[in-house]
$ cat data-v8.tsv   # TSV, C-alpha atoms and all ligand atoms
chain	number	residue	atom	x	y	z
A	1	MET	CA	-17.57	135.19	-39.17
A	2	VAL	CA	-14.23	135.64	-40.93
A	3	THR	CA	-12.40	138.78	-39.80
A	4	SER	CA	-10.39	140.85	-42.23
A	5	ILE	CA	-8.89	144.26	-41.62
A	6	THR	CA	-7.70	145.09	-45.12
A	7	SER	CA	-11.01	144.94	-47.00
A	8	PHE	CA	-12.68	148.21	-48.00
A	9	GLY	CA	-15.48	148.45	-45.45
A	10	ARG	CA	-14.83	145.36	-43.30
A	11	SER	CA	-18.34	144.14	-44.04
A	12	GLY	CA	-18.91	141.96	-47.07
A	13	LEU	CA	-22.31	143.47	-47.64
A	14	TYR	CA	-20.91	147.01	-47.56
A	15	ASP	CA	-18.17	146.14	-50.06
A	16	TRP	CA	-20.69	144.42	-52.28
A	17	MET	CA	-23.01	147.44	-52.20
A	18	MET	CA	-20.12	149.85	-52.85
A	19	GLN	CA	-18.98	147.77	-55.80
A	20	ARG	CA	-22.45	148.10	-57.35
A	21	VAL	CA	-22.94	151.79	-56.61
A	22	THR	CA	-19.50	152.79	-57.89
A	23	ALA	CA	-20.01	150.67	-60.99
A	24	LEU	CA	-23.17	152.62	-61.68
A	25	VAL	CA	-21.39	155.97	-61.30
A	26	LEU	CA	-18.60	154.81	-63.63
A	27	LEU	CA	-21.14	153.56	-66.14
A	28	THR	CA	-22.99	156.89	-66.30
A	29	TYR	CA	-19.69	158.77	-66.55
A	30	THR	CA	-18.49	156.58	-69.40
A	31	VAL	CA	-21.79	156.89	-71.25
A	32	PHE	CA	-21.72	160.66	-70.74
A	33	MET	CA	-18.14	160.92	-72.03
A	34	ILE	CA	-18.76	158.76	-75.09
A	35	GLY	CA	-21.94	160.72	-75.81
A	36	TYR	CA	-20.13	164.03	-75.43
A	37	LEU	CA	-17.36	162.96	-77.79
A	38	LEU	CA	-19.86	161.65	-80.34
A	39	PHE	CA	-21.93	164.84	-80.34
A	40	ASN	CA	-18.85	167.03	-80.60
A	41	PRO	CA	-16.85	165.51	-83.45
A	42	ASP	CA	-14.71	168.62	-83.97
A	43	LEU	CA	-13.87	169.15	-80.34
A	44	GLY	CA	-11.08	171.63	-79.67
A	45	TYR	CA	-8.97	172.47	-76.65
A	46	GLU	CA	-11.00	175.54	-75.70
A	47	GLN	CA	-14.28	173.65	-75.54
A	48	TRP	CA	-12.70	170.74	-73.68
A	49	LYS	CA	-11.27	173.16	-71.14
A	50	GLU	CA	-14.58	174.90	-70.72
A	51	LEU	CA	-16.34	171.60	-70.08
A	52	PHE	CA	-14.04	170.85	-67.17
A	53	SER	CA	-14.08	174.32	-65.66
A	54	GLY	CA	-17.74	174.06	-64.62
A	55	THR	CA	-18.21	173.13	-60.95
A	56	ALA	CA	-20.80	170.45	-61.75
A	57	MET	CA	-18.42	168.71	-64.15
A	58	ARG	CA	-15.63	168.86	-61.58
A	59	ILE	CA	-17.81	167.34	-58.91
A	60	TYR	CA	-18.97	164.65	-61.31
A	61	THR	CA	-15.41	163.87	-62.39
A	62	LEU	CA	-14.15	163.77	-58.82
A	63	LEU	CA	-17.01	161.44	-57.96
A	64	ALA	CA	-15.98	159.23	-60.88
A	65	ILE	CA	-12.36	159.19	-59.72
A	66	LEU	CA	-13.31	158.29	-56.15
A	67	SER	CA	-15.68	155.62	-57.47
A	68	MET	CA	-12.94	154.18	-59.63
A	69	VAL	CA	-10.53	154.08	-56.71
A	70	ALA	CA	-13.05	152.37	-54.38
A	71	HIS	CA	-14.13	149.98	-57.13
A	72	ALA	CA	-10.55	149.09	-57.98
A	73	TRP	CA	-9.60	148.62	-54.34
A	74	ILE	CA	-12.46	146.17	-53.68
A	75	GLY	CA	-11.65	144.29	-56.89
A	76	MET	CA	-7.90	144.15	-56.38
A	77	TRP	CA	-8.35	143.18	-52.75
A	78	SER	CA	-10.51	140.23	-53.84
A	79	VAL	CA	-8.00	139.21	-56.47
A	80	SER	CA	-5.13	139.42	-53.98
A	81	THR	CA	-6.92	137.34	-51.35
A	82	ASP	CA	-7.78	134.74	-54.00
A	83	TYR	CA	-4.42	134.36	-55.68
A	84	ILE	CA	-1.64	135.64	-53.43
A	85	LYS	CA	-1.25	133.09	-50.69
A	86	ALA	CA	1.88	134.43	-48.96
A	87	THR	CA	0.81	137.04	-46.39
A	88	GLY	CA	3.87	139.24	-46.92
A	89	ALA	CA	3.51	139.37	-50.69
A	90	ARG	CA	-0.21	139.99	-50.38
A	91	PHE	CA	0.34	142.86	-48.00
A	92	VAL	CA	2.94	144.44	-50.30
A	93	PHE	CA	0.57	144.11	-53.26
A	94	GLN	CA	-2.31	145.64	-51.30
A	95	SER	CA	-0.12	148.48	-50.08
A	96	ALA	CA	1.02	149.20	-53.63
A	97	CYS	CA	-2.61	149.29	-54.79
A	98	GLY	CA	-3.52	151.63	-51.93
A	99	LEU	CA	-0.64	153.97	-52.65
A	100	LEU	CA	-1.44	154.05	-56.36
A	101	ALA	CA	-5.09	154.81	-55.57
A	102	PHE	CA	-4.06	157.68	-53.31
A	103	ILE	CA	-1.73	159.08	-55.96
A	104	TYR	CA	-4.50	158.98	-58.57
A	105	VAL	CA	-6.89	160.87	-56.32
A	106	VAL	CA	-4.39	163.64	-55.51
A	107	TRP	CA	-3.25	163.84	-59.10
A	108	GLY	CA	-6.83	163.91	-60.34
A	109	VAL	CA	-7.76	166.75	-58.00
A	110	GLN	CA	-4.66	168.67	-59.06
A	111	ILE	CA	-5.57	168.33	-62.74
A	112	LEU	CA	-9.25	169.17	-62.23
A	113	TRP	CA	-8.68	172.30	-60.19
A	114	GLY	CA	-5.57	173.31	-62.08
A	115	ILE	CA	-7.31	173.93	-65.35
B	116	MET	CA	-13.17	101.70	-74.05
B	117	LEU	CA	-10.27	103.58	-72.48
B	118	VAL	CA	-10.47	104.64	-68.85
B	119	SER	CA	-7.84	106.94	-67.44
B	120	VAL	CA	-7.90	106.95	-63.64
B	121	TYR	CA	-6.12	109.16	-61.15
B	122	ARG	CA	-4.01	106.94	-58.92
B	123	TYR	CA	-2.19	107.94	-55.79
B	124	ASN	CA	-1.19	105.91	-52.79
B	125	PRO	CA	0.95	108.11	-50.56
B	126	GLU	CA	2.47	105.04	-48.93
B	127	VAL	CA	4.11	103.82	-52.14
B	128	ASP	CA	3.84	106.57	-54.79
B	129	ASP	CA	6.02	109.69	-54.82
B	130	ALA	CA	3.49	111.54	-56.92
B	131	PRO	CA	0.01	111.00	-58.33
B	132	TYR	CA	-0.22	109.56	-61.85
B	133	MET	CA	-2.88	108.67	-64.40
B	134	GLN	CA	-3.38	104.98	-65.08
B	135	ASP	CA	-4.80	103.96	-68.46
B	136	VAL	CA	-6.95	100.85	-68.49
B	137	HIS	CA	-8.84	99.26	-71.38
B	138	ILE	CA	-12.19	97.93	-70.31
B	139	ASP	CA	-14.73	95.92	-72.27
B	140	ILE	CA	-18.24	96.82	-71.24
B	141	PRO	CA	-20.20	93.56	-70.90
B	142	GLY	CA	-22.92	93.40	-73.55
B	143	GLY	CA	-22.12	96.98	-74.58
B	144	LYS	CA	-24.71	98.15	-72.06
B	145	ASP	CA	-25.03	101.72	-70.83
B	146	ILE	CA	-23.82	101.08	-67.28
B	147	MET	CA	-23.18	103.66	-64.57
B	148	VAL	CA	-19.69	104.99	-63.91
B	149	LEU	CA	-19.78	103.27	-60.50
B	150	ASP	CA	-20.32	99.88	-62.22
B	151	LEU	CA	-17.33	100.67	-64.38
B	152	LEU	CA	-15.27	101.33	-61.26
B	153	GLN	CA	-16.32	97.92	-59.96
B	154	LEU	CA	-15.01	96.37	-63.18
B	155	LEU	CA	-11.76	98.30	-62.70
B	156	LYS	CA	-11.44	97.05	-59.16
B	157	GLU	CA	-11.87	93.48	-60.32
B	158	LYS	CA	-8.84	94.02	-62.56
B	159	ASP	CA	-6.81	95.89	-59.96
B	160	SER	CA	-7.90	95.47	-56.37
B	161	THR	CA	-5.64	98.28	-55.09
B	162	MET	CA	-8.00	100.83	-56.63
B	163	ALA	CA	-9.75	102.93	-53.93
B	164	TYR	CA	-13.02	104.87	-54.10
B	165	ARG	CA	-15.96	105.55	-51.80
B	166	ARG	CA	-19.49	104.40	-52.34
B	167	SER	CA	-22.38	103.18	-50.29
B	168	CYS	CA	-25.98	103.46	-51.47
B	169	ARG	CA	-25.29	103.16	-55.23
B	170	GLU	CA	-28.47	105.12	-55.95
B	171	GLY	CA	-27.62	108.79	-55.50
B	172	VAL	CA	-28.72	109.09	-51.89
B	173	CYS	CA	-25.66	108.91	-49.67
B	174	GLY	CA	-23.36	111.31	-51.50
B	175	SER	CA	-20.24	109.16	-51.09
B	176	ASP	CA	-19.09	108.77	-54.66
B	177	GLY	CA	-18.76	112.34	-55.85
B	178	MET	CA	-15.92	112.50	-58.37
B	179	ASN	CA	-14.74	114.30	-61.45
B	180	MET	CA	-15.78	112.48	-64.63
B	181	ASN	CA	-14.38	113.84	-67.89
B	182	GLY	CA	-14.00	117.20	-66.24
B	183	LYS	CA	-17.40	117.43	-64.57
B	184	ASN	CA	-18.24	116.64	-60.96
B	185	GLY	CA	-21.05	114.23	-60.27
B	186	LEU	CA	-22.10	111.04	-58.51
B	187	ALA	CA	-20.64	107.99	-60.23
B	188	CYS	CA	-23.59	105.78	-59.25
B	189	ILE	CA	-26.21	107.80	-61.13
B	190	THR	CA	-24.11	108.94	-64.07
B	191	PRO	CA	-24.51	106.64	-67.07
B	192	LEU	CA	-21.48	106.24	-69.35
B	193	SER	CA	-23.47	107.65	-72.27
B	194	GLU	CA	-23.69	110.95	-70.41
B	195	VAL	CA	-19.96	111.48	-69.87
B	196	VAL	CA	-17.88	109.32	-72.19
B	197	GLU	CA	-16.40	111.17	-75.15
B	198	ASN	CA	-14.65	109.44	-78.07
B	199	ASP	CA	-14.74	106.16	-76.15
B	200	LYS	CA	-12.63	107.69	-73.40
B	201	LEU	CA	-13.33	108.50	-69.75
B	202	VAL	CA	-11.03	110.39	-67.39
B	203	LEU	CA	-11.75	109.87	-63.70
B	204	ARG	CA	-10.28	112.18	-61.08
B	205	PRO	CA	-11.04	112.87	-57.42
B	206	LEU	CA	-13.11	115.94	-56.55
B	207	PRO	CA	-10.90	118.97	-57.28
B	208	GLY	CA	-9.50	121.20	-54.58
B	209	LEU	CA	-9.56	118.82	-51.63
B	210	PRO	CA	-6.54	116.87	-50.36
B	211	VAL	CA	-6.38	113.34	-51.77
B	212	ILE	CA	-6.16	110.51	-49.25
B	213	ARG	CA	-5.83	107.81	-51.86
B	214	ASP	CA	-6.88	107.42	-55.53
B	215	LEU	CA	-10.43	108.82	-55.78
B	216	VAL	CA	-10.86	109.26	-52.03
B	217	VAL	CA	-10.58	112.86	-50.81
B	218	ASP	CA	-10.31	114.35	-47.35
B	219	MET	CA	-13.60	116.20	-46.75
B	220	THR	CA	-12.61	117.84	-43.44
B	221	GLN	CA	-12.51	121.37	-44.87
B	222	PHE	CA	-15.91	120.87	-46.47
B	223	TYR	CA	-17.49	119.62	-43.23
B	224	LYS	CA	-15.91	122.42	-41.23
B	225	GLN	CA	-17.74	124.94	-43.37
B	226	TYR	CA	-20.95	122.98	-42.90
B	227	GLU	CA	-20.43	123.00	-39.15
B	228	LYS	CA	-19.87	126.76	-39.19
B	229	ILE	CA	-23.38	127.55	-40.38
B	230	LYS	CA	-24.91	125.67	-37.41
B	231	PRO	CA	-26.91	123.11	-39.39
B	232	PHE	CA	-29.61	122.55	-36.79
B	233	LEU	CA	-32.78	124.32	-35.68
B	234	ILE	CA	-32.25	126.95	-33.01
B	235	ASN	CA	-35.36	127.93	-31.12
B	236	ASP	CA	-35.28	129.30	-27.61
B	237	THR	CA	-39.04	129.62	-27.13
B	238	PRO	CA	-40.55	126.97	-24.82
B	239	ALA	CA	-41.10	123.70	-26.64
B	240	PRO	CA	-44.79	122.91	-27.30
B	241	ALA	CA	-46.30	119.73	-25.86
B	242	ILE	CA	-46.14	117.74	-29.09
B	243	GLU	CA	-44.30	119.40	-31.94
B	244	ARG	CA	-43.59	122.74	-33.62
B	245	LEU	CA	-46.09	123.00	-36.42
B	246	GLN	CA	-45.53	124.48	-39.86
B	247	SER	CA	-48.13	125.45	-42.39
B	248	PRO	CA	-47.83	123.74	-45.79
B	249	GLU	CA	-46.64	127.09	-47.19
B	250	GLU	CA	-43.92	127.41	-44.57
B	251	ARG	CA	-42.86	123.87	-45.25
B	252	ALA	CA	-42.73	124.58	-48.99
B	253	GLU	CA	-40.05	127.21	-48.33
B	254	LEU	CA	-37.64	124.38	-47.60
B	255	ASP	CA	-38.12	122.63	-50.93
B	256	GLY	CA	-34.98	122.72	-53.03
B	257	LEU	CA	-32.90	123.14	-49.87
B	258	TYR	CA	-33.41	120.15	-47.60
B	259	GLU	CA	-32.66	117.65	-50.38
B	260	CYS	CA	-28.92	118.33	-50.30
B	261	ILE	CA	-26.93	115.16	-49.61
B	262	LEU	CA	-23.60	116.92	-48.87
B	263	CYS	CA	-21.81	115.19	-51.72
B	264	ALA	CA	-19.48	118.23	-52.18
B	265	CYS	CA	-19.80	118.14	-55.97
B	266	CYS	CA	-20.79	121.82	-55.95
B	267	SER	CA	-18.26	123.25	-53.52
B	268	THR	CA	-15.37	121.43	-55.18
B	269	SER	CA	-16.35	122.83	-58.57
B	270	CYS	CA	-16.40	126.40	-57.27
B	271	PRO	CA	-13.23	128.44	-57.93
B	272	SER	CA	-13.97	130.67	-54.95
B	273	PHE	CA	-13.97	127.58	-52.72
B	274	TRP	CA	-10.71	126.33	-54.27
B	275	TRP	CA	-8.91	129.57	-53.39
B	276	ASN	CA	-10.39	130.08	-49.92
B	277	PRO	CA	-11.76	126.79	-48.58
B	278	ASP	CA	-11.10	127.94	-45.03
B	279	LYS	CA	-12.94	131.26	-45.35
B	280	PHE	CA	-15.63	130.94	-48.03
B	281	VAL	CA	-18.48	128.75	-46.81
B	282	GLY	CA	-19.06	127.41	-50.31
B	283	PRO	CA	-22.28	126.65	-52.20
B	284	SER	CA	-23.20	123.55	-50.22
B	285	GLY	CA	-22.78	125.20	-46.82
B	286	LEU	CA	-24.60	128.32	-47.98
B	287	LEU	CA	-27.51	126.31	-49.35
B	288	GLN	CA	-27.79	124.78	-45.89
B	289	ALA	CA	-27.37	128.17	-44.22
B	290	TYR	CA	-30.38	129.38	-46.17
B	291	ARG	CA	-32.27	126.19	-45.37
B	292	PHE	CA	-32.21	127.23	-41.69
B	293	LEU	CA	-32.69	130.94	-42.37
B	294	ALA	CA	-35.83	130.06	-44.29
B	295	ASP	CA	-37.22	127.72	-41.64
B	296	SER	CA	-40.23	129.21	-39.85
B	297	ARG	CA	-39.34	127.28	-36.69
B	298	ASP	CA	-35.87	128.79	-36.39
B	299	THR	CA	-35.51	131.93	-34.25
B	300	ALA	CA	-31.80	132.64	-34.69
B	301	THR	CA	-32.13	134.48	-38.01
B	302	ASN	CA	-30.30	137.62	-36.88
B	303	GLU	CA	-27.44	135.73	-35.26
B	304	ARG	CA	-27.07	133.58	-38.36
B	305	LEU	CA	-27.00	136.61	-40.65
B	306	ALA	CA	-24.47	138.39	-38.44
B	307	GLU	CA	-22.12	135.43	-38.85
B	308	LEU	CA	-22.30	135.70	-42.65
B	309	ASP	CA	-21.78	139.42	-43.16
B	310	ASP	CA	-18.01	139.41	-43.71
B	311	PRO	CA	-16.20	139.76	-47.06
B	312	PHE	CA	-15.60	136.00	-47.37
B	313	SER	CA	-18.35	133.73	-46.01
B	314	VAL	CA	-21.05	134.68	-48.53
B	315	PHE	CA	-19.61	137.48	-50.60
B	316	ARG	CA	-16.78	135.46	-52.12
B	317	CYS	CA	-19.46	134.01	-54.37
B	318	HIS	CA	-19.14	135.72	-57.74
B	319	GLY	CA	-22.12	133.99	-59.30
B	320	ILE	CA	-20.06	131.73	-61.57
B	321	MET	CA	-22.79	129.09	-61.16
B	322	ASN	CA	-20.53	126.06	-61.51
B	323	CYS	CA	-22.37	124.77	-58.46
B	324	VAL	CA	-25.76	124.82	-60.17
B	325	ASN	CA	-24.24	123.18	-63.21
B	326	VAL	CA	-23.05	120.09	-61.33
B	327	CYS	CA	-25.49	119.46	-58.46
B	328	PRO	CA	-26.67	115.85	-58.94
B	329	LYS	CA	-29.85	116.62	-57.01
B	330	GLY	CA	-30.71	119.54	-59.31
B	331	LEU	CA	-30.48	122.10	-56.50
B	332	ASN	CA	-29.62	125.76	-56.99
B	333	PRO	CA	-27.09	127.09	-54.43
B	334	THR	CA	-26.64	130.36	-56.37
B	335	LYS	CA	-30.30	131.19	-55.88
B	336	ALA	CA	-30.05	130.44	-52.16
B	337	ILE	CA	-26.95	132.64	-51.92
B	338	GLY	CA	-28.88	135.46	-53.61
B	339	LYS	CA	-31.65	135.08	-51.03
B	340	ILE	CA	-29.15	135.25	-48.17
B	341	ARG	CA	-27.76	138.42	-49.73
B	342	ASN	CA	-31.24	139.91	-49.96
B	343	MET	CA	-31.88	139.08	-46.30
B	344	LEU	CA	-28.61	140.80	-45.38
B	345	ILE	CA	-29.54	143.87	-47.43
B	346	GLN	CA	-33.00	144.02	-45.90
B	347	GLN	CA	-31.57	143.77	-42.42
B	348	ALA	CA	-28.94	146.44	-43.03
B	349	THR	CA	-30.83	149.14	-44.90
C	401	LIG	S1	-22.29	130.66	-57.95
C	401	LIG	FE1	-21.03	131.17	-56.21
C	401	LIG	S2	-20.99	129.35	-54.98
C	401	LIG	FE2	-21.71	128.74	-57.02
C	401	LIG	S3	-19.87	128.09	-58.09
C	401	LIG	FE3	-20.16	130.23	-58.46
C	401	LIG	S4	-18.95	131.36	-56.97
C	401	LIG	FE4	-19.22	129.25	-56.31
C	402	LIG	S1	-26.02	121.24	-53.19
C	402	LIG	FE1	-26.05	119.52	-54.58
C	402	LIG	S2	-23.93	119.27	-55.24
C	402	LIG	FE2	-23.92	120.54	-53.43
C	402	LIG	S3	-23.54	119.13	-51.75
C	402	LIG	FE3	-25.76	119.42	-51.94
C	402	LIG	S4	-26.43	117.76	-53.26
C	402	LIG	FE4	-24.22	117.90	-53.49
C	403	LIG	S1	-23.04	105.63	-53.84
C	403	LIG	FE1	-24.40	106.83	-52.64
C	403	LIG	S2	-24.60	108.58	-53.86
C	403	LIG	FE2	-23.45	107.31	-55.16

$ encode --input "data-v8.tsv" --output "C-alpha cells"
Amino acid sequence: MVTSITSFGRSGLYDWMMQRVTALVLLTYTVFMIGYLLFNPDLGYEQWKELFSGTAMRIYTLLAILSMVAHAWIGMWSVSTDYIKATGARFVFQSACGLLAFIYVVWGVQILWGI
Amino acid sequence: MLVSVYRYNPEVDDAPYMQDVHIDIPGGKDIMVLDLLQLLKEKDSTMAYRRSCREGVCGSDGMNMNGKNGLACITPLSEVVENDKLVLRPLPGLPVIRDLVVDMTQFYKQYEKIKPFLINDTPAPAIERLQSPEERAELDGLYECILCACCSTSCPSFWWNPDKFVGPSGLLQAYRFLADSRDTATNERLAELDDPFSVFRCHGIMNCVNVCPKGLNPTKAIGKIRNMLIQQAT
C-alpha cells in the first residue's frame, strides 16, 4: 500500500470512480450545450439569460463545475506525480491547481446566482 | 549488416555511448538476436549481456531491439531488423550496470510487494489442496510469466513511478494469486492494492501486452483486479 495525502479521495479506486462519474456529467453537459446552441441558431441575450435563471439549469451547471474541478484535480494530480519529481515544486504546482479550482467554483457560483 | 549497441562500463566510461559494428551473418541465415550478440562478443569480448536458457524460458535476455522490448533468444533478425540495421539497448527505465545488463532490484521489489506465494491459513489437508479443472483453468495466462521485465520496462507509468506503481508484471502475478482458489488472503491482497498508485497508475496504454514474449495480457489482469476492488467496495 502506497500512502498519499494529496490525492483526491486517498483511495485509488475512489479517484478512479470519480474520474469516470465526473466525465459522464461533463459529457452530458457538453452534449446538452452543443444541442441547445444548434437548435437555437438565433440565440439572443434574453433567451440565454432565461435559460440560466431556472433552478434546474443552475443545479446542473453547478454540478458540471464541481465535476470539472474534481476531474481536473485528479488528472492534474496524476500528471504532477508522474512528471514533477522535486517534492517542493510538486507541492507548489498542486497548491496552485487547488487554489485555481477553488476560485473557479466561487466565481462560477457568483455568476450563476448573479444573473 | 549494421548493429548499433549501447555500451557503458561505469569503471572506464564517463557516459554511455552507441557502438556501431558491421557484422556478416554466416550463410545469410535468419538467426536469433542472441546469436548475433554471440558474434559480437567474439569480435569484442568486453561486451556484456545476460542469457541462460537461450529458448525463451529463463527471462534473462530481455532487451530493447530496434525500439521494442523482447527476449533476444527467441527474436529472429527478420522480425526486428529494418533497412539492414539493428539498434540494441538495455531495457528502458532501469539503472544500467553494464552494457545490456540492467539492475532489476526495483522490478523485483514490486514483485515481492504483491506476496507472490499462496496464503492459506486453513489446516493443511493430509495430501494436497485440490483444485477442480475449472479452478485450475483460471490460472492460465497468468502462471506462465517468466519475470523477464519486458512489459514493466515498456510501461510509461512504471518509468515515472517504479517505486510506487507495481507495474504490469507484478500486477499480473497479483491477479494470479487473487484468482487462485486455494488462496484465502483475497481481502488482504486487495486492501494492499487500493491506493492511487499500485494499480490505478495503469492508464491502459497496453505497451505491456504489445511486448510480452509469452503472449500474456497484463492489462486484462489489471482490469480484473479493478473489478474485484469495485465489487468489494460497492
Ligand atoms: S496497460 Fe497499464 S500496465 Fe500495461 S503498459 Fe499500459 S499503463 Fe502500463
Ligand atoms: S508478463 Fe510477459 S513481459 Fe511481463 S514479465 Fe511476464 S513474461 Fe515478461
Ligand atoms: S536466454 Fe533465457 S529467455 Fe532468453

$ atom_distance --input "data-v8.tsv" --atom1 "atom CA of B:Phe273" --atom2 "atom CA of A:Ile74"
18.7 Å

$ residues_near_ligand --input "data-v8.tsv" --ligand "ligand LIG 401 (chain C)" --cutoff "8 Å" --atoms "only C-alpha atoms and all ligand atoms" --output "PDB file with C-alpha atoms, in the frame of the given file"
ATOM      1  CA  CYS B 266     -20.790 121.820 -55.950  1.00  0.00           C
ATOM      2  CA  SER B 267     -18.260 123.250 -53.520  1.00  0.00           C
ATOM      3  CA  SER B 269     -16.350 122.830 -58.570  1.00  0.00           C
ATOM      4  CA  CYS B 270     -16.400 126.400 -57.270  1.00  0.00           C
ATOM      5  CA  PRO B 271     -13.230 128.440 -57.930  1.00  0.00           C
ATOM      6  CA  SER B 272     -13.970 130.670 -54.950  1.00  0.00           C
ATOM      7  CA  PHE B 273     -13.970 127.580 -52.720  1.00  0.00           C
ATOM      8  CA  GLY B 282     -19.060 127.410 -50.310  1.00  0.00           C
ATOM      9  CA  PRO B 283     -22.280 126.650 -52.200  1.00  0.00           C
ATOM     10  CA  SER B 284     -23.200 123.550 -50.220  1.00  0.00           C
ATOM     11  CA  LEU B 286     -24.600 128.320 -47.980  1.00  0.00           C
ATOM     12  CA  ARG B 316     -16.780 135.460 -52.120  1.00  0.00           C
ATOM     13  CA  CYS B 317     -19.460 134.010 -54.370  1.00  0.00           C
ATOM     14  CA  HIS B 318     -19.140 135.720 -57.740  1.00  0.00           C
ATOM     15  CA  GLY B 319     -22.120 133.990 -59.300  1.00  0.00           C
ATOM     16  CA  ILE B 320     -20.060 131.730 -61.570  1.00  0.00           C
ATOM     17  CA  MET B 321     -22.790 129.090 -61.160  1.00  0.00           C
ATOM     18  CA  ASN B 322     -20.530 126.060 -61.510  1.00  0.00           C
ATOM     19  CA  CYS B 323     -22.370 124.770 -58.460  1.00  0.00           C
ATOM     20  CA  VAL B 324     -25.760 124.820 -60.170  1.00  0.00           C
ATOM     21  CA  PRO B 333     -27.090 127.090 -54.430  1.00  0.00           C
ATOM     22  CA  THR B 334     -26.640 130.360 -56.370  1.00  0.00           C
ATOM     23  CA  ILE B 337     -26.950 132.640 -51.920  1.00  0.00           C
TER      24      ILE B 337
END

$ interface_residues --input "data-v8.tsv" --of "chain A" --to "chain B" --cutoff "7 Å" --atoms "all atoms listed in the file" --output "PyMOL selection string"
chain A and resi 1-3+10-13+82-83

$ residues_around --input "data-v8.tsv" --residues "stretch 250-261 of chain B" --least-positions-apart "6" --cutoff "6 Å" --atoms "all atoms listed in the file" --output "list in words"
Gly174, Arg291 and Leu331 of chain B

$ write_last_selection --input "data-v8.tsv" --atoms "C-alpha atoms" --output "short mmCIF file (atom, residue, chain, number, x, y, z; two decimals), in the coordinates of the input"
data_model
loop_
_atom_site.label_atom_id
_atom_site.label_comp_id
_atom_site.auth_asym_id
_atom_site.auth_seq_id
_atom_site.Cartn_x
_atom_site.Cartn_y
_atom_site.Cartn_z
CA GLY B 174 -23.36 111.31 -51.50
CA ARG B 291 -32.27 126.19 -45.37
CA LEU B 331 -30.48 122.10 -56.50
#

$ atom_distance --input "data-v8.tsv" --atom1 "atom CA of A:Ser67" --atom2 "atom CA of A:Leu26"
6.9 Å

$ atom_distance --input "data-v8.tsv" --atom1 "atom FE2 of ligand LIG 403 (chain C)" --atom2 "atom CA of B:Thr190"
9.1 Å

$ residues_near_ligand --input "data-v8.tsv" --ligand "ligand LIG 403 (chain C)" --cutoff "12 Å" --atoms "all atoms listed in the file" --output "MDAnalysis selection string"
chainID B and resid 147:150 152:153 164:178 185:191 260:265 327:329

$ axis_aligned_box --input "data-v8.tsv" --around "ligand LIG 402 (chain C)" --padding-each-side "6 Å" --output "JSON"
{"center_x": -25.0, "center_y": 119.5, "center_z": -53.5, "size_x": 14.9, "size_y": 15.5, "size_z": 15.5}

$ residues_near_point --input "data-v8.tsv" --point "(-8.6, 159.2, -53.6)" --cutoff "8 Å" --atoms "only C-alpha atoms" --output "ChimeraX atom specification"
/A:65-66,69,101-106

$ write_last_selection --input "data-v8.tsv" --atoms "C-alpha atoms" --output "PDB file, keeping the file's coordinate frame"
ATOM      1  CA  ILE A  65     -12.360 159.190 -59.720  1.00  0.00           C
ATOM      2  CA  LEU A  66     -13.310 158.290 -56.150  1.00  0.00           C
ATOM      3  CA  VAL A  69     -10.530 154.080 -56.710  1.00  0.00           C
ATOM      4  CA  ALA A 101      -5.090 154.810 -55.570  1.00  0.00           C
ATOM      5  CA  PHE A 102      -4.060 157.680 -53.310  1.00  0.00           C
ATOM      6  CA  ILE A 103      -1.730 159.080 -55.960  1.00  0.00           C
ATOM      7  CA  TYR A 104      -4.500 158.980 -58.570  1.00  0.00           C
ATOM      8  CA  VAL A 105      -6.890 160.870 -56.320  1.00  0.00           C
ATOM      9  CA  VAL A 106      -4.390 163.640 -55.510  1.00  0.00           C
TER      10      VAL A 106
END

$ residues_around --input "data-v8.tsv" --residues "stretch 52-54 of chain A" --least-positions-apart "6" --cutoff "9 Å" --atoms "only C-alpha atoms" --output "list in words"
Thr61, Leu112, Trp113 and Ile115 of chain A

$ residues_around --input "data-v8.tsv" --residues "B:Arg213" --least-positions-apart "4" --cutoff "9 Å" --atoms "all atoms listed in the file" --output "list in words"
Arg122, Tyr123, Asn124, Pro125, Met162, Ala163, Tyr164 and Val217 of chain B

$ closest_residue --input "data-v8.tsv" --among "B:Asn332, B:Asp128, B:Thr268, B:Lys230" --to "B:Pro205" --atoms "all atoms listed in the file"
B:Thr268

$ residues_around --input "data-v8.tsv" --residues "A:Gln19" --least-positions-apart "3" --cutoff "10 Å" --atoms "only C-alpha atoms" --output "VMD selection string"
chain A and resid 13 to 16 22 to 24 67 to 68 70 to 75

$ closest_residue --input "data-v8.tsv" --among "A:Gly108, A:Gly9, A:Gly114, A:Gly88" --to "A:Ala64" --atoms "all atoms listed in the file"
A:Gly108

$ build_atoms --input "data-v8.tsv" --residues "stretch 162-169 of chain B" --atoms "N, CA and C atoms" --output "PDB file, in the coordinates of the input"
ATOM      1  N   MET B 162      -7.242  99.623 -56.279  1.00  0.00           N
ATOM      2  CA  MET B 162      -8.000 100.830 -56.630  1.00  0.00           C
ATOM      3  C   MET B 162      -8.937 101.222 -55.471  1.00  0.00           C
ATOM      4  N   ALA B 163      -8.901 102.520 -55.057  1.00  0.00           N
ATOM      5  CA  ALA B 163      -9.750 102.930 -53.930  1.00  0.00           C
ATOM      6  C   ALA B 163     -10.752 104.012 -54.322  1.00  0.00           C
ATOM      7  N   TYR B 164     -11.999 103.839 -53.938  1.00  0.00           N
ATOM      8  CA  TYR B 164     -13.020 104.870 -54.100  1.00  0.00           C
ATOM      9  C   TYR B 164     -14.087 104.641 -53.035  1.00  0.00           C
ATOM     10  N   ARG B 165     -14.889 105.674 -52.788  1.00  0.00           N
ATOM     11  CA  ARG B 165     -15.960 105.550 -51.800  1.00  0.00           C
ATOM     12  C   ARG B 165     -17.278 105.280 -52.501  1.00  0.00           C
ATOM     13  N   ARG B 166     -18.117 104.489 -51.879  1.00  0.00           N
ATOM     14  CA  ARG B 166     -19.490 104.400 -52.340  1.00  0.00           C
ATOM     15  C   ARG B 166     -20.287 103.669 -51.264  1.00  0.00           C
ATOM     16  N   SER B 167     -21.581 103.888 -51.273  1.00  0.00           N
ATOM     17  CA  SER B 167     -22.380 103.180 -50.290  1.00  0.00           C
ATOM     18  C   SER B 167     -23.726 102.796 -50.869  1.00  0.00           C
ATOM     19  N   CYS B 168     -24.592 103.789 -51.110  1.00  0.00           N
ATOM     20  CA  CYS B 168     -25.980 103.460 -51.470  1.00  0.00           C
ATOM     21  C   CYS B 168     -26.148 102.993 -52.910  1.00  0.00           C
ATOM     22  N   ARG B 169     -25.261 103.351 -53.770  1.00  0.00           N
ATOM     23  CA  ARG B 169     -25.290 103.160 -55.230  1.00  0.00           C
ATOM     24  C   ARG B 169     -26.613 103.591 -55.894  1.00  0.00           C
TER      25      ARG B 169
END
